[in-house]
Structure formats: structure tokens, C-alpha cells
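This is upload04.pdb (PDB, C-alpha atoms and all ligand atoms).
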ATOM      1  CA  MET A 764     -63.073 -48.151  84.477  1.00  0.00           C
ATOM      2  CA  TYR A 765     -63.866 -49.312  87.988  1.00  0.00           C
ATOM      3  CA  VAL A 766     -67.271 -50.788  88.694  1.00  0.00           C
ATOM      4  CA  CYS A 767     -66.606 -51.316  92.365  1.00  0.00           C
ATOM      5  CA  ILE A 768     -64.558 -48.647  94.107  1.00  0.00           C
ATOM      6  CA  CYS A 769     -64.562 -50.470  97.461  1.00  0.00           C
ATOM      7  CA  ALA A 770     -62.860 -53.576  96.083  1.00  0.00           C
ATOM      8  CA  ARG A 771     -61.153 -51.806  93.138  1.00  0.00           C
ATOM      9  CA  VAL A 772     -62.708 -54.148  90.606  1.00  0.00           C
ATOM     10  CA  ARG A 773     -62.836 -53.162  86.955  1.00  0.00           C
ATOM     11  CA  GLU A 774     -65.708 -53.752  84.572  1.00  0.00           C
ATOM     12  CA  CYS A 775     -63.681 -56.269  82.560  1.00  0.00           C
ATOM     13  CA  GLU A 776     -63.083 -58.319  85.723  1.00  0.00           C
ATOM     14  CA  VAL A 777     -66.808 -58.438  86.472  1.00  0.00           C
ATOM     15  CA  ARG A 778     -67.517 -59.497  82.876  1.00  0.00           C
ATOM     16  CA  GLU A 779     -64.947 -62.239  83.153  1.00  0.00           C
ATOM     17  CA  ALA A 780     -66.487 -63.467  86.414  1.00  0.00           C
ATOM     18  CA  VAL A 781     -69.913 -63.625  84.747  1.00  0.00           C
ATOM     19  CA  ARG A 782     -68.515 -65.466  81.724  1.00  0.00           C
ATOM     20  CA  ASN A 783     -66.937 -67.926  84.112  1.00  0.00           C
ATOM     21  CA  GLY A 784     -70.333 -68.744  85.567  1.00  0.00           C
ATOM     22  CA  ALA A 785     -71.146 -66.066  88.152  1.00  0.00           C
ATOM     23  CA  ARG A 786     -74.824 -65.372  87.562  1.00  0.00           C
ATOM     24  CA  CYS A 787     -75.798 -63.361  90.608  1.00  0.00           C
ATOM     25  CA  GLU A 788     -74.377 -60.578  92.750  1.00  0.00           C
ATOM     26  CA  GLU A 789     -73.160 -63.029  95.385  1.00  0.00           C
ATOM     27  CA  ALA A 790     -71.327 -65.191  92.873  1.00  0.00           C
ATOM     28  CA  VAL A 791     -69.666 -62.151  91.317  1.00  0.00           C
ATOM     29  CA  GLY A 792     -68.638 -61.015  94.786  1.00  0.00           C
ATOM     30  CA  GLU A 793     -67.093 -64.389  95.506  1.00  0.00           C
ATOM     31  CA  ALA A 794     -65.319 -64.465  92.161  1.00  0.00           C
ATOM     32  CA  CYS A 795     -63.776 -61.011  92.159  1.00  0.00           C
ATOM     33  CA  GLY A 796     -64.853 -59.163  95.289  1.00  0.00           C
ATOM     34  CA  ALA A 797     -67.084 -56.635  93.526  1.00  0.00           C
ATOM     35  CA  GLY A 798     -70.143 -55.588  95.522  1.00  0.00           C
ATOM     36  CA  THR A 799     -68.858 -56.868  98.831  1.00  0.00           C
ATOM     37  CA  GLY A 800     -68.425 -53.412 100.376  1.00  0.00           C
ATOM     38  CA  CYS A 801     -70.893 -50.535 100.450  1.00  0.00           C
ATOM     39  CA  GLY A 802     -73.192 -52.071  97.827  1.00  0.00           C
ATOM     40  CA  SER A 803     -73.615 -48.937  95.734  1.00  0.00           C
ATOM     41  CA  CYS A 804     -72.194 -50.723  92.681  1.00  0.00           C
ATOM     42  CA  LEU A 805     -74.706 -53.587  92.800  1.00  0.00           C
ATOM     43  CA  PRO A 806     -77.097 -52.077  90.210  1.00  0.00           C
ATOM     44  CA  ARG A 807     -74.201 -51.783  87.766  1.00  0.00           C
ATOM     45  CA  ILE A 808     -73.114 -55.359  88.515  1.00  0.00           C
ATOM     46  CA  ASP A 809     -76.684 -56.519  87.843  1.00  0.00           C
ATOM     47  CA  GLU A 810     -76.570 -54.785  84.475  1.00  0.00           C
ATOM     48  CA  ILE A 811     -73.322 -56.477  83.552  1.00  0.00           C
ATOM     49  CA  ILE A 812     -74.691 -59.880  84.612  1.00  0.00           C
ATOM     50  CA  GLU A 813     -77.749 -59.310  82.458  1.00  0.00           C
ATOM     51  CA  VAL A 814     -75.826 -58.195  79.371  1.00  0.00           C
ATOM     52  CA  GLU A 815     -73.164 -60.882  79.634  1.00  0.00           C
ATOM     53  CA  SER A 816     -75.701 -63.633  80.304  1.00  0.00           C
ATOM     54  CA  ARG A 817     -77.597 -62.596  77.210  1.00  0.00           C
ATOM     55  CA  ALA A 818     -74.421 -62.594  75.136  1.00  0.00           C
ATOM     56  CA  ASP A 819     -73.921 -66.167  76.284  1.00  0.00           C
ATOM     57  CA  THR A 820     -77.252 -67.404  74.974  1.00  0.00           C
ATOM     58  CA  PRO A 821     -76.834 -69.319  71.724  1.00  0.00           C
ATOM     59  CA  VAL A 822     -78.796 -67.970  68.764  1.00  0.00           C
ATOM     60  CA  GLY A 823     -82.173 -69.684  68.532  1.00  0.00           C
ATOM     61  CA  ALA A 824     -82.107 -70.965  72.103  1.00  0.00           C
ATOM     62  CA  ALA A 825     -84.613 -68.419  73.450  1.00  0.00           C
ATOM     63  CA  ARG A 826     -87.904 -70.242  73.007  1.00  0.00           C
TER      64      ARG A 826
HETATM   65  S1  LIG B   1     -68.476 -49.695  95.270  1.00  0.00           S
HETATM   66 FE1  LIG B   1     -68.750 -51.825  95.180  1.00  0.00          FE
HETATM   67  S2  LIG B   1     -69.218 -52.385  97.197  1.00  0.00           S
HETATM   68 FE2  LIG B   1     -68.812 -50.260  97.353  1.00  0.00          FE
END
Let me see the file written as C-alpha cells.
Amino acid sequence: MYVCICARVRECEVREAVRNGARCEEAVGEACGAGTGCGSCLPRIDEIIEVESRADTPVGAAR
């Protein structure tokens, strides 16, 4: 499923960008192009960043 229609970027590509260190909209845009057009996909990109960043946090590290 596409997250960003403008740049034809799929959800899995955004997730991969986040896992590779992209932690904000700009970094995701640089990594895969998502969010660099009309901007209507940015809320969805934010969600993916949030979920993937959380998944990255080691158990017990949130103190
Ligand atoms: S849908 Fe992503 S920038 Fe337009």
C-alpha cells in the first residue's frame, strides 16, 4: 500500500527508512522521497515514525 502517492513510496519503504535512522519527516523524505510533494501523507509518515521508533526501543530502556 502506498503511503505517499506523489513519490509512489510504499509503507514498507518508509518503515525501512525509519529503521535505518530516519527519525523525522525530513529525514524520511531524504531517504525515500516520501512527503516531499503535496504533504498530505505527512501525518501517516509521522505515525510510522512513532510506531517504528517505539519498536526500536529495547525492553526496559524507557525510564
Ligand atoms: S502524497 Fe506524499 S507528498 Fe503528496
**Prompt:** Could you spell out the hits of the PyMOL selection byres (((chain A and resi 793-798) around 9) and not hetatm) on the shown file, as number ranges by chain?
**Reply:** A: 766-773, 776-777, 780-781, 783, 785, 788-792, 799-805, 808
**Asked** What residues come out when you apply the PyMOL selection byres (((chain A and resi 813) around 12) and not hetatm) to this file, written as a PyMOL selection string?
**Response** chain A and resi 777-778+781-782+785-788+806-812+814-820
Take every atom of ligand LIG 1 (chain B) listed in the file, pad by 3 Å on each side, and give me the axis-aligned box centre and edge lengths in Å, one decimal, as lines of an AutoDock Vina configuration file.
center_x = -68.8
center_y = -51.0
center_z = 96.3
size_x = 6.7
size_y = 8.7
size_z = 8.2
